There are 2 protein chains.
Amino acid sequence: MSELRWDPLKLHWVIIATERGRRPRDFPVEAEAGVQTSCPFCYGNEDKTPREIFAIRPSGAPNTANWQVRVVPNKYPALRVEGELKSRGYGPYDVMDGIGAHEIIIETPDHDRGLADLAPAEITNVLKAYRARFLDLRQDRRLRYMVLFKNHGTRAGATLSHAHSQLIAVPLTPPVAATELRICREFYDAKDRCIFCDLIDFEISCGDRIVREFANYVIMTPYASCFPFELRLYPKRHSHDFALLGDGDLAELAVAMKEMLFRLKTVLKDPPYNFILHTAPPTQDRLGKPNYWTSIEYDYHWHIELVPRLTQIAGFEWGTGFFINPTSPEDAATFLRDAEV
Amino acid sequence: MSELRWDPLKLHWVIIATERGRRPRDFPVEAEAGVQTSCPFCYGNEDKTPREIFAIRPSGAPNTANWQVRVVPNKYPALRVEGELKSRGYGPYDVMDGIGAHEIIIETPDHDRGLADLAPAEITNVLKAYRARFLDLRQDRRLRYMVLFKNHGTRAGATLSHAHSQLIAVPLTPPVAATELRICREFYDAKDRCIFCDLIDFEISCGDRIVREFANYVIMTPYASCFPFELRLYPKRHSHDFALLGDGDLAELAVAMKEMLFRLKTVLKDPPYNFILHTAPPTQDRLGKPNYWTSIEYDYHWHIELVPRLTQIAGFEWGTGFFINPTSPEDAATFLRDAEV
């Protein structure tokens, strides 16, 4: 079983996931570059993955072909659902069993089409799968936070090239999320407003970093971008929880996502990227009682953060938590906005 | 001039360093892979760098050949020494002029030898250059923190292959350092002990993660390693400031560094890596008065953190601050310790 280990000096948990099978002798071999004889995410290979958890399939039995979107457990999970949540001290450290969930959302049956190539209606189905999995995993009270993310391209950490995203549910609120949630709470407590709504209003009225604006969504480069061409997709109206969106909201969001991904792909020649969906955490504690996040519907604002992987995270960034970005967010926004795609 | 921009939701500063010259049209071109016709760090090309700040050279004039170690300003600095430190609000954000220093330590005149290939006496000279630059930069009271780091290999962020390390001095204490310094202070306030001394004692008595032990230094894998084969080099006796080491200490340290780097290079076939030297910050504030860190000699413990770049930082890590490490630190330590090099 995986272990979560606590670093008492850096104040973070690390998942030691030896089931993922990188034994010392597997290094220094290069990570597999997506060249495969048989892809486990293609039609007809449904038995090459663990049994599916969710699928959108007009007809036919589970774990057969003809699905449009398919969700399966990761075959090499960082965390497993089975077991009891136990934490204990170890010398000056702490350790916890690696309980959680690690799922793969296969975005299309077509091996050669990326998320950016799908039609908005197909992307809507992907978003419906995300929503279904968030709602289901929240019923497991051991899990404190769900992170939905996509690694596109080998340099962004993808090991299989067939289009997929991942959902990891963890038994603790991770540090990046904890900071963001705390700042939102403190801002709301002080000012009775959502800090994201303030930022979005400022950015729309300023305009320098806006890439595209839709009726209900906006795509922009963040003012303090850590990386060149970093992007954010926000709902313009206050909305704390992606998982509560209706089908119509998801269809509109799919149009904005298509625009963001297709523009990025065209202008920057299909760069590797990561995106992460930030949404509200569960509002019940392990015993089912309302927890610290119960007033989150007022103070939090769900959104998508996208980071193209055009530059390397080097020693300075890793050693300080400070980032050096060689491209200004205003230049990046102008370049993306003005390109003909 | 570069700008430091504050992210009010992530609580960190980003250096927008447009002088480093990655205009939008420079992407998606791949980073240069170290293939060059003429290397600015080789003998005879001293005029291809800005004028040197420091050198170890048995004889001869500055900016001529025959040096052993040479320190020059970065030609494309993230931060510049010139100017006044000014910070101001901008809408919901903050921005500060990019004041600081960005220096290159050229570790050897030999184009084809890495730091791991140098003799301990040569590494001692490199460490002496580090020490000299720390001591000098601390006299500039605008600078609050100095980070010495090395990027080895393209995948670790190196753009030139000739062996070099870098020193960046910043006008603020960066988040990773601030957390570490604060934890040390709080631990000392509560227990009258150095938290690092406690961890080192525990690790030496346990032994599971020790790679090599010397009279005064120890090399180990951290219990909560974020990456496979992550390493730490600690002085065994309490010592808060690298810059206060004597020549004898540096010569001993050079032997331990050689062992760490050469073992890593041999066993993992010259992997890309970053290392970062963590040492005490200046103990005077901008007006020359003792600052928050004046009792640091009791609570802090300088050390070197080394991260091989064998796996990618992907969406999960970036989105959560949680890390998934597929190789246990105990396996990594055993593998490195037992290898014949």
# chains A, B, ... in the order shown; residues from 1 in each chain; ligands from 1
call {"tool": "select_by_dssp", "arguments": {"residues": "segment 132-197 of chain A", "states": "strand (DSSP E or B)", "output": "VMD selection string"}}
result
chain A and resid 145 to 152 164 to 170
call {"tool": "residues_around", "arguments": {"residues": "segment 40-47 of chain B", "least_positions_apart": "5", "cutoff": "10 Å", "atoms": "only C-alpha atoms", "output": "PyMOL selection string"}}
result
chain B and resi 52+62-67+70+72+104-111+160-164
call {"tool": "residues_around", "arguments": {"residues": "Leu9 of chain B", "least_positions_apart": "5", "cutoff": "12 Å", "atoms": "only C-alpha atoms", "output": "list in words"}}
result
Val176, Ala177, Ala178, Thr179, Glu180, Leu181, Arg182, Ile183, Cys184, Arg185, Glu186, Phe187, Cys194, Ile195, Phe196, Asp198, Leu199, Pro222, Tyr223, Ala224, Ser225, Tyr300 and His301 of chain A; Pro92, Tyr93 and Asp94 of chain B
call {"tool": "write_last_selection", "arguments": {"atoms": "N, CA, C and O atoms", "output": "compact mmCIF listing (two decimals), in the first residue's frame"}}
result
# COMPACT_ATOMS: atom_id res chain seq x y z
N VAL A 176 -1.88 23.68 -1.79
CA VAL A 176 -2.27 24.73 -2.74
C VAL A 176 -3.75 25.06 -2.58
O VAL A 176 -4.16 26.22 -2.52
N ALA A 177 -4.56 24.00 -2.46
CA ALA A 177 -6.00 24.20 -2.27
C ALA A 177 -6.28 24.85 -0.93
O ALA A 177 -7.11 25.78 -0.83
N ALA A 178 -5.58 24.42 0.12
CA ALA A 178 -5.83 24.97 1.45
C ALA A 178 -5.55 26.46 1.49
O ALA A 178 -6.32 27.23 2.08
N THR A 179 -4.46 26.89 0.85
CA THR A 179 -4.14 28.32 0.82
C THR A 179 -5.22 29.09 0.08
O THR A 179 -5.74 30.10 0.57
N GLU A 180 -5.61 28.60 -1.09
CA GLU A 180 -6.61 29.30 -1.89
C GLU A 180 -7.95 29.41 -1.15
O GLU A 180 -8.57 30.48 -1.09
N LEU A 181 -8.35 28.30 -0.54
CA LEU A 181 -9.63 28.29 0.18
C LEU A 181 -9.59 29.23 1.39
O LEU A 181 -10.54 29.94 1.68
N ARG A 182 -8.45 29.24 2.07
CA ARG A 182 -8.32 30.10 3.25
C ARG A 182 -8.35 31.58 2.87
O ARG A 182 -9.02 32.39 3.52
N ILE A 183 -7.66 31.93 1.79
CA ILE A 183 -7.65 33.33 1.34
C ILE A 183 -9.06 33.78 0.96
O ILE A 183 -9.50 34.88 1.32
N CYS A 184 -9.78 32.91 0.26
CA CYS A 184 -11.16 33.24 -0.12
C CYS A 184 -12.02 33.47 1.12
O CYS A 184 -12.80 34.42 1.18
N ARG A 185 -11.86 32.59 2.09
CA ARG A 185 -12.64 32.72 3.33
C ARG A 185 -12.31 34.02 4.06
O ARG A 185 -13.20 34.77 4.47
N GLU A 186 -11.03 34.31 4.19
CA GLU A 186 -10.64 35.52 4.92
C GLU A 186 -11.10 36.80 4.21
O GLU A 186 -11.54 37.75 4.85
N PHE A 187 -11.02 36.79 2.89
CA PHE A 187 -11.46 37.95 2.11
C PHE A 187 -12.97 38.15 2.29
O PHE A 187 -13.43 39.26 2.53
N CYS A 194 -16.62 37.95 -2.91
CA CYS A 194 -15.76 36.86 -3.39
C CYS A 194 -14.51 37.50 -4.02
O CYS A 194 -14.63 38.34 -4.91
N ILE A 195 -13.34 37.09 -3.59
CA ILE A 195 -12.10 37.69 -4.11
C ILE A 195 -11.94 37.41 -5.61
O ILE A 195 -11.47 38.25 -6.38
N PHE A 196 -12.40 36.24 -6.06
CA PHE A 196 -12.31 35.93 -7.49
C PHE A 196 -13.21 36.86 -8.30
O PHE A 196 -12.82 37.32 -9.37
N ASP A 198 -13.97 39.88 -7.61
CA ASP A 198 -13.23 41.15 -7.68
C ASP A 198 -12.16 41.11 -8.77
O ASP A 198 -12.04 42.03 -9.58
N LEU A 199 -11.35 40.04 -8.76
CA LEU A 199 -10.27 39.93 -9.74
C LEU A 199 -10.82 39.89 -11.16
O LEU A 199 -10.28 40.52 -12.07
N PRO A 222 -3.13 35.13 -16.16
CA PRO A 222 -3.08 35.73 -14.83
C PRO A 222 -2.00 36.80 -14.72
O PRO A 222 -0.93 36.67 -15.32
N TYR A 223 -2.28 37.84 -13.93
CA TYR A 223 -1.35 38.96 -13.74
C TYR A 223 0.02 38.48 -13.26
O TYR A 223 1.05 38.93 -13.74
N ALA A 224 0.02 37.55 -12.30
CA ALA A 224 1.29 37.02 -11.79
C ALA A 224 1.48 35.60 -12.32
O ALA A 224 1.65 34.64 -11.57
N SER A 225 1.48 35.46 -13.65
CA SER A 225 1.68 34.15 -14.28
C SER A 225 3.06 33.61 -13.91
O SER A 225 4.06 34.31 -14.05
N TYR A 300 -16.07 31.03 -2.45
CA TYR A 300 -15.19 30.39 -3.41
C TYR A 300 -15.74 30.51 -4.83
O TYR A 300 -16.94 30.73 -5.03
N HIS A 301 -14.87 30.34 -5.81
CA HIS A 301 -15.25 30.54 -7.22
C HIS A 301 -14.49 29.46 -8.01
O HIS A 301 -13.27 29.53 -8.12
N PRO B 92 -6.09 44.86 -7.63
CA PRO B 92 -6.08 43.96 -6.48
C PRO B 92 -4.70 43.34 -6.23
O PRO B 92 -4.56 42.51 -5.33
N TYR B 93 -3.69 43.73 -7.01
CA TYR B 93 -2.37 43.10 -6.94
C TYR B 93 -1.33 44.03 -6.33
O TYR B 93 -1.62 45.16 -5.97
N ASP B 94 -0.09 43.56 -6.25
CA ASP B 94 1.06 44.38 -5.87
C ASP B 94 2.17 44.14 -6.88
O ASP B 94 2.27 43.06 -7.45
call {"tool": "residues_around", "arguments": {"residues": "segment 75-80 of chain B", "least_positions_apart": "3", "cutoff": "9 Å", "atoms": "only C-alpha atoms", "output": "PDB file with N, CA and C atoms, in the first residue's frame"}}
result
ATOM      1  N   ILE A 324      10.342  32.557 -12.149  1.00  0.00           N
ATOM      2  CA  ILE A 324      10.823  33.515 -13.144  1.00  0.00           C
ATOM      3  C   ILE A 324      10.104  33.211 -14.447  1.00  0.00           C
ATOM      4  N   ASN A 325       9.358  34.170 -14.937  1.00  0.00           N
ATOM      5  CA  ASN A 325       8.590  33.997 -16.165  1.00  0.00           C
ATOM      6  C   ASN A 325       9.152  34.940 -17.229  1.00  0.00           C
ATOM      7  N   PRO A 326       9.707  34.399 -18.321  1.00  0.00           N
ATOM      8  CA  PRO A 326      10.350  35.263 -19.315  1.00  0.00           C
ATOM      9  C   PRO A 326       9.388  35.907 -20.312  1.00  0.00           C
TER      10      PRO A 326
ATOM     11  N   MET B   1      12.883  46.966 -17.275  1.00  0.00           N
ATOM     12  CA  MET B   1      13.242  46.346 -15.992  1.00  0.00           C
ATOM     13  C   MET B   1      12.259  45.224 -15.635  1.00  0.00           C
ATOM     14  N   SER B   2      12.762  44.182 -15.005  1.00  0.00           N
ATOM     15  CA  SER B   2      11.887  43.107 -14.548  1.00  0.00           C
ATOM     16  C   SER B   2      10.939  43.619 -13.469  1.00  0.00           C
ATOM     17  N   GLU B   3       9.817  42.907 -13.312  1.00  0.00           N
ATOM     18  CA  GLU B   3       8.860  43.242 -12.262  1.00  0.00           C
ATOM     19  C   GLU B   3       8.644  42.036 -11.364  1.00  0.00           C
ATOM     20  N   ILE B  15       8.589  36.645 -10.761  1.00  0.00           N
ATOM     21  CA  ILE B  15       9.453  37.597 -11.458  1.00  0.00           C
ATOM     22  C   ILE B  15       9.090  37.566 -12.937  1.00  0.00           C
ATOM     23  N   ILE B  16       8.541  38.650 -13.435  1.00  0.00           N
ATOM     24  CA  ILE B  16       8.252  38.762 -14.870  1.00  0.00           C
ATOM     25  C   ILE B  16       9.508  39.375 -15.486  1.00  0.00           C
ATOM     26  N   ALA B  17      10.329  38.529 -16.084  1.00  0.00           N
ATOM     27  CA  ALA B  17      11.685  38.911 -16.485  1.00  0.00           C
ATOM     28  C   ALA B  17      11.771  38.980 -17.991  1.00  0.00           C
ATOM     29  N   THR B  18      11.146  39.994 -18.564  1.00  0.00           N
ATOM     30  CA  THR B  18      11.081  40.066 -20.026  1.00  0.00           C
ATOM     31  C   THR B  18      12.443  40.345 -20.636  1.00  0.00           C
ATOM     32  N   GLU B  19      13.430  40.788 -19.832  1.00  0.00           N
ATOM     33  CA  GLU B  19      14.779  40.985 -20.378  1.00  0.00           C
ATOM     34  C   GLU B  19      15.431  39.664 -20.761  1.00  0.00           C
ATOM     35  N   ARG B  20      14.884  38.574 -20.239  1.00  0.00           N
ATOM     36  CA  ARG B  20      15.438  37.284 -20.607  1.00  0.00           C
ATOM     37  C   ARG B  20      15.026  36.888 -22.022  1.00  0.00           C
ATOM     38  N   GLY B  21      14.175  37.679 -22.601  1.00  0.00           N
ATOM     39  CA  GLY B  21      14.032  37.637 -24.047  1.00  0.00           C
ATOM     40  C   GLY B  21      13.271  36.466 -24.633  1.00  0.00           C
ATOM     41  N   THR B  49      31.343  37.378 -21.850  1.00  0.00           N
ATOM     42  CA  THR B  49      30.462  37.507 -20.674  1.00  0.00           C
ATOM     43  C   THR B  49      30.574  38.941 -20.163  1.00  0.00           C
ATOM     44  N   PRO B  50      29.622  39.392 -19.340  1.00  0.00           N
ATOM     45  CA  PRO B  50      29.856  40.663 -18.626  1.00  0.00           C
ATOM     46  C   PRO B  50      31.145  40.531 -17.803  1.00  0.00           C
ATOM     47  N   VAL B  72      30.623  35.727 -12.943  1.00  0.00           N
ATOM     48  CA  VAL B  72      30.225  36.866 -13.794  1.00  0.00           C
ATOM     49  C   VAL B  72      28.729  37.131 -13.613  1.00  0.00           C
ATOM     50  N   GLY B  83      19.124  50.437  -9.240  1.00  0.00           N
ATOM     51  CA  GLY B  83      17.794  50.975  -8.993  1.00  0.00           C
ATOM     52  C   GLY B  83      17.401  50.960  -7.530  1.00  0.00           C
ATOM     53  N   ASP B  97       9.702  46.677  -8.303  1.00  0.00           N
ATOM     54  CA  ASP B  97      10.737  46.649  -9.340  1.00  0.00           C
ATOM     55  C   ASP B  97      11.663  45.451  -9.107  1.00  0.00           C
ATOM     56  N   GLY B  98      12.179  44.924 -10.196  1.00  0.00           N
ATOM     57  CA  GLY B  98      12.971  43.694 -10.117  1.00  0.00           C
ATOM     58  C   GLY B  98      14.414  43.936  -9.698  1.00  0.00           C
ATOM     59  N   ILE B  99      14.620  44.374  -8.450  1.00  0.00           N
ATOM     60  CA  ILE B  99      15.968  44.611  -7.934  1.00  0.00           C
ATOM     61  C   ILE B  99      16.527  43.317  -7.367  1.00  0.00           C
ATOM     62  N   GLY B 100      17.813  43.081  -7.586  1.00  0.00           N
ATOM     63  CA  GLY B 100      18.430  41.877  -7.053  1.00  0.00           C
ATOM     64  C   GLY B 100      19.753  41.648  -7.738  1.00  0.00           C
ATOM     65  N   ALA B 101      20.225  40.430  -7.682  1.00  0.00           N
ATOM     66  CA  ALA B 101      21.456  40.098  -8.387  1.00  0.00           C
ATOM     67  C   ALA B 101      21.308  38.705  -8.968  1.00  0.00           C
ATOM     68  N   HIS B 102      21.966  38.484 -10.085  1.00  0.00           N
ATOM     69  CA  HIS B 102      21.880  37.191 -10.764  1.00  0.00           C
ATOM     70  C   HIS B 102      23.265  36.892 -11.334  1.00  0.00           C
ATOM     71  N   GLU B 103      23.982  36.008 -10.670  1.00  0.00           N
ATOM     72  CA  GLU B 103      25.375  35.742 -11.018  1.00  0.00           C
ATOM     73  C   GLU B 103      25.583  34.292 -11.457  1.00  0.00           C
ATOM     74  N   ILE B 168      21.204  33.802  -7.124  1.00  0.00           N
ATOM     75  CA  ILE B 168      20.227  34.876  -7.278  1.00  0.00           C
ATOM     76  C   ILE B 168      19.958  35.466  -5.905  1.00  0.00           C
ATOM     77  N   ALA B 169      20.065  36.778  -5.800  1.00  0.00           N
ATOM     78  CA  ALA B 169      19.731  37.472  -4.559  1.00  0.00           C
ATOM     79  C   ALA B 169      18.433  38.226  -4.790  1.00  0.00           C
ATOM     80  N   VAL B 170      17.478  38.063  -3.877  1.00  0.00           N
ATOM     81  CA  VAL B 170      16.143  38.629  -4.059  1.00  0.00           C
ATOM     82  C   VAL B 170      15.821  39.601  -2.918  1.00  0.00           C
TER      83      VAL B 170
END
call {"tool": "closest_residue", "arguments": {"among": "A:Thr334, A:Gln166, A:Thr221, A:Gln139", "to": "Leu287 of chain A", "atoms": "only C-alpha atoms"}}
result
A:Gln139
call {"tool": "closest_residue", "arguments": {"among": "B:Pro73, B:Pro175, B:Gly288, B:Pro272", "to": "chain A", "atoms": "only C-alpha atoms"}}
result
B:Pro175
call {"tool": "residues_around", "arguments": {"residues": "Leu244 of chain A", "least_positions_apart": "5", "cutoff": "9 Å", "atoms": "only C-alpha atoms", "output": "ChimeraX atom specification"}}
result
/A:131,135,239
call {"tool": "write_last_selection", "arguments": {"atoms": "N, CA and C atoms", "output": "PDB file, in the first residue's frame"}}
result
ATOM      1  N   ARG A 131     -18.286  15.726 -13.788  1.00  0.00           N
ATOM      2  CA  ARG A 131     -19.316  16.070 -12.799  1.00  0.00           C
ATOM      3  C   ARG A 131     -19.822  14.829 -12.062  1.00  0.00           C
ATOM      4  N   LEU A 135     -19.465  14.081  -7.954  1.00  0.00           N
ATOM      5  CA  LEU A 135     -20.630  13.872  -7.094  1.00  0.00           C
ATOM      6  C   LEU A 135     -20.558  12.513  -6.402  1.00  0.00           C
ATOM      7  N   SER A 239     -19.909  31.402  -8.807  1.00  0.00           N
ATOM      8  CA  SER A 239     -20.322  29.998  -8.885  1.00  0.00           C
ATOM      9  C   SER A 239     -19.231  29.200  -8.184  1.00  0.00           C
TER      10      SER A 239
END
call {"tool": "residues_around", "arguments": {"residues": "His12 of chain A", "least_positions_apart": "3", "cutoff": "8 Å", "atoms": "only C-alpha atoms", "output": "JSON, numbers by chain"}}
result
{"A": [6, 7, 8, 174, 175], "B": [321, 322]}
call {"tool": "write_last_selection", "arguments": {"atoms": "all heavy atoms", "output": "PDB file, in the first residue's frame"}}
result
ATOM      1  N   TRP A   6       4.682  12.866   5.908  1.00  0.00           N
ATOM      2  CA  TRP A   6       4.661  14.290   6.260  1.00  0.00           C
ATOM      3  C   TRP A   6       6.078  14.831   6.395  1.00  0.00           C
ATOM      4  O   TRP A   6       6.895  14.242   7.095  1.00  0.00           O
ATOM      5  CB  TRP A   6       3.914  14.464   7.572  1.00  0.00           C
ATOM      6  CG  TRP A   6       3.898  15.852   8.136  1.00  0.00           C
ATOM      7  CD1 TRP A   6       4.501  16.263   9.288  1.00  0.00           C
ATOM      8  CD2 TRP A   6       3.203  16.990   7.624  1.00  0.00           C
ATOM      9  NE1 TRP A   6       4.224  17.598   9.510  1.00  0.00           N
ATOM     10  CE2 TRP A   6       3.431  18.069   8.504  1.00  0.00           C
ATOM     11  CE3 TRP A   6       2.414  17.206   6.481  1.00  0.00           C
ATOM     12  CZ2 TRP A   6       2.906  19.342   8.292  1.00  0.00           C
ATOM     13  CZ3 TRP A   6       1.894  18.472   6.275  1.00  0.00           C
ATOM     14  CH2 TRP A   6       2.132  19.521   7.171  1.00  0.00           C
ATOM     15  N   ASP A   7       6.355  15.937   5.723  1.00  0.00           N
ATOM     16  CA  ASP A   7       7.640  16.608   5.885  1.00  0.00           C
ATOM     17  C   ASP A   7       7.467  17.733   6.900  1.00  0.00           C
ATOM     18  O   ASP A   7       6.792  18.731   6.618  1.00  0.00           O
ATOM     19  CB  ASP A   7       8.116  17.164   4.537  1.00  0.00           C
ATOM     20  CG  ASP A   7       9.540  17.681   4.614  1.00  0.00           C
ATOM     21  OD1 ASP A   7       9.865  18.384   5.589  1.00  0.00           O
ATOM     22  OD2 ASP A   7      10.327  17.380   3.710  1.00  0.00           O
ATOM     23  N   PRO A   8       8.070  17.588   8.080  1.00  0.00           N
ATOM     24  CA  PRO A   8       7.827  18.574   9.140  1.00  0.00           C
ATOM     25  C   PRO A   8       8.513  19.914   8.886  1.00  0.00           C
ATOM     26  O   PRO A   8       8.243  20.878   9.601  1.00  0.00           O
ATOM     27  CB  PRO A   8       8.406  17.897  10.394  1.00  0.00           C
ATOM     28  CG  PRO A   8       9.447  16.970   9.876  1.00  0.00           C
ATOM     29  CD  PRO A   8       8.969  16.510   8.520  1.00  0.00           C
ATOM     30  N   PRO A 174      -5.009  19.425   0.161  1.00  0.00           N
ATOM     31  CA  PRO A 174      -3.611  19.678  -0.213  1.00  0.00           C
ATOM     32  C   PRO A 174      -3.234  21.152  -0.023  1.00  0.00           C
ATOM     33  O   PRO A 174      -4.119  22.018  -0.005  1.00  0.00           O
ATOM     34  CB  PRO A 174      -3.564  19.307  -1.698  1.00  0.00           C
ATOM     35  CG  PRO A 174      -4.898  18.777  -2.054  1.00  0.00           C
ATOM     36  CD  PRO A 174      -5.862  19.138  -0.996  1.00  0.00           C
ATOM     37  N   PRO A 175      -1.941  21.446   0.113  1.00  0.00           N
ATOM     38  CA  PRO A 175      -1.515  22.807   0.472  1.00  0.00           C
ATOM     39  C   PRO A 175      -1.954  23.902  -0.492  1.00  0.00           C
ATOM     40  O   PRO A 175      -2.379  24.966  -0.041  1.00  0.00           O
ATOM     41  CB  PRO A 175       0.019  22.713   0.530  1.00  0.00           C
ATOM     42  CG  PRO A 175       0.395  21.316   0.217  1.00  0.00           C
ATOM     43  CD  PRO A 175      -0.829  20.491   0.083  1.00  0.00           C
TER      44      PRO A 175
ATOM     45  N   GLY B 321       0.219  20.863  -4.772  1.00  0.00           N
ATOM     46  CA  GLY B 321       1.343  20.966  -3.852  1.00  0.00           C
ATOM     47  C   GLY B 321       1.619  19.644  -3.151  1.00  0.00           C
ATOM     48  O   GLY B 321       2.448  19.562  -2.249  1.00  0.00           O
ATOM     49  N   PHE B 322       0.901  18.620  -3.546  1.00  0.00           N
ATOM     50  CA  PHE B 322       1.084  17.244  -3.093  1.00  0.00           C
ATOM     51  C   PHE B 322       2.018  16.576  -4.102  1.00  0.00           C
ATOM     52  O   PHE B 322       1.914  16.854  -5.293  1.00  0.00           O
ATOM     53  CB  PHE B 322      -0.244  16.519  -3.239  1.00  0.00           C
ATOM     54  CG  PHE B 322      -0.796  15.893  -2.009  1.00  0.00           C
ATOM     55  CD1 PHE B 322      -2.137  16.089  -1.690  1.00  0.00           C
ATOM     56  CD2 PHE B 322      -0.044  15.082  -1.189  1.00  0.00           C
ATOM     57  CE1 PHE B 322      -2.692  15.502  -0.585  1.00  0.00           C
ATOM     58  CE2 PHE B 322      -0.598  14.487  -0.085  1.00  0.00           C
ATOM     59  CZ  PHE B 322      -1.929  14.699   0.227  1.00  0.00           C
TER      60      PHE B 322
END
call {"tool": "residues_around", "arguments": {"residues": "Phe316 of chain A", "least_positions_apart": "3", "cutoff": "10 Å", "atoms": "only C-alpha atoms", "output": "mmCIF file with N, CA and C atoms, in the first residue's frame"}}
result
data_model
loop_
_atom_site.group_PDB
_atom_site.id
_atom_site.type_symbol
_atom_site.label_atom_id
_atom_site.label_comp_id
_atom_site.auth_asym_id
_atom_site.auth_seq_id
_atom_site.Cartn_x
_atom_site.Cartn_y
_atom_site.Cartn_z
ATOM 1 N N ILE A 313 10.880 23.861 -14.926
ATOM 2 C CA ILE A 313 10.967 24.287 -13.535
ATOM 3 C C ILE A 313 12.379 23.913 -13.086
ATOM 4 N N GLY A 319 13.787 25.651 -5.307
ATOM 5 C CA GLY A 319 14.423 25.981 -4.037
ATOM 6 C C GLY A 319 13.789 27.149 -3.303
ATOM 7 N N THR A 320 13.000 27.953 -4.007
ATOM 8 C CA THR A 320 12.493 29.167 -3.375
ATOM 9 C C THR A 320 10.976 29.279 -3.381
ATOM 10 N N GLY A 321 10.294 28.633 -4.335
ATOM 11 C CA GLY A 321 8.869 28.882 -4.492
ATOM 12 C C GLY A 321 8.596 30.197 -5.215
ATOM 13 N N PHE A 322 9.657 30.838 -5.661
ATOM 14 C CA PHE A 322 9.615 32.037 -6.485
ATOM 15 C C PHE A 322 9.670 31.568 -7.948
ATOM 16 N N PHE A 323 8.987 32.229 -8.860
ATOM 17 C CA PHE A 323 9.041 31.824 -10.256
ATOM 18 C C PHE A 323 9.595 32.937 -11.122
ATOM 19 N N ILE A 324 10.342 32.557 -12.149
ATOM 20 C CA ILE A 324 10.823 33.515 -13.144
ATOM 21 C C ILE A 324 10.104 33.211 -14.447
ATOM 22 N N VAL B 147 19.975 32.777 -2.979
ATOM 23 C CA VAL B 147 19.809 31.352 -3.261
ATOM 24 C C VAL B 147 20.863 30.916 -4.284
ATOM 25 N N LEU B 148 21.654 29.932 -3.877
ATOM 26 C CA LEU B 148 22.697 29.372 -4.713
ATOM 27 C C LEU B 148 22.165 28.043 -5.231
ATOM 28 N N PHE B 149 22.180 27.878 -6.545
ATOM 29 C CA PHE B 149 21.624 26.646 -7.101
ATOM 30 C C PHE B 149 22.363 26.254 -8.360
ATOM 31 N N LYS B 150 22.175 25.001 -8.743
ATOM 32 C CA LYS B 150 22.792 24.492 -9.964
ATOM 33 C C LYS B 150 21.736 23.736 -10.750
ATOM 34 N N ASN B 151 21.646 24.031 -12.040
ATOM 35 C CA ASN B 151 20.813 23.266 -12.968
ATOM 36 C C ASN B 151 21.763 22.472 -13.845
ATOM 37 N N GLY B 157 16.778 22.444 -16.686
ATOM 38 C CA GLY B 157 16.712 23.898 -16.897
ATOM 39 C C GLY B 157 18.006 24.547 -17.331
ATOM 40 N N GLN B 166 24.531 29.031 -10.201
ATOM 41 C CA GLN B 166 23.991 30.386 -10.232
ATOM 42 C C GLN B 166 23.680 30.868 -8.821
ATOM 43 N N LEU B 167 23.746 32.164 -8.652
ATOM 44 C CA LEU B 167 23.369 32.763 -7.377
ATOM 45 C C LEU B 167 22.393 33.890 -7.683
ATOM 46 N N ILE B 168 21.204 33.802 -7.124
ATOM 47 C CA ILE B 168 20.227 34.876 -7.278
ATOM 48 C C ILE B 168 19.958 35.466 -5.905
ATOM 49 N N ASN B 274 18.897 19.304 -10.118
ATOM 50 C CA ASN B 274 19.061 20.627 -9.526
ATOM 51 C C ASN B 274 19.574 20.441 -8.116
ATOM 52 N N PHE B 275 20.532 21.275 -7.693
ATOM 53 C CA PHE B 275 20.752 21.341 -6.242
ATOM 54 C C PHE B 275 20.627 22.770 -5.771
ATOM 55 N N ILE B 276 20.260 22.913 -4.512
ATOM 56 C CA ILE B 276 20.026 24.222 -3.912
ATOM 57 C C ILE B 276 20.718 24.238 -2.559
#
call {"tool": "closest_residue", "arguments": {"among": "B:Asp117, B:Asp192, B:Glu330, B:Glu252", "to": "chain A", "atoms": "only C-alpha atoms"}}
result
B:Glu330
call {"tool": "select_by_dssp", "arguments": {"residues": "segment 234-332 of chain A", "states": "helix (DSSP H, G or I)", "output": "JSON, numbers by chain"}}
result
{"A": [242, 243, 244, 247, 248, 249, 250, 251, 252, 253, 254, 255, 256, 257, 258, 259, 260, 261, 262, 263, 264, 265, 266, 267, 296, 297, 298, 299, 315, 316, 317, 318, 319, 320, 329, 330, 331, 332]}
call {"tool": "closest_residue", "arguments": {"among": "A:Asn216, A:Thr159, A:Thr173, A:Thr279", "to": "Arg237 of chain A", "atoms": "only C-alpha atoms"}}
result
A:Asn216
call {"tool": "closest_residue", "arguments": {"among": "A:Ala132, A:Leu85, A:Cys206, A:Leu245", "to": "chain B", "atoms": "only C-alpha atoms"}}
result
A:Cys206
call {"tool": "closest_residue", "arguments": {"among": "A:Met220, A:Ser59, A:Ala121, A:Ala129", "to": "Gly207 of chain A", "atoms": "only C-alpha atoms"}}
result
A:Met220
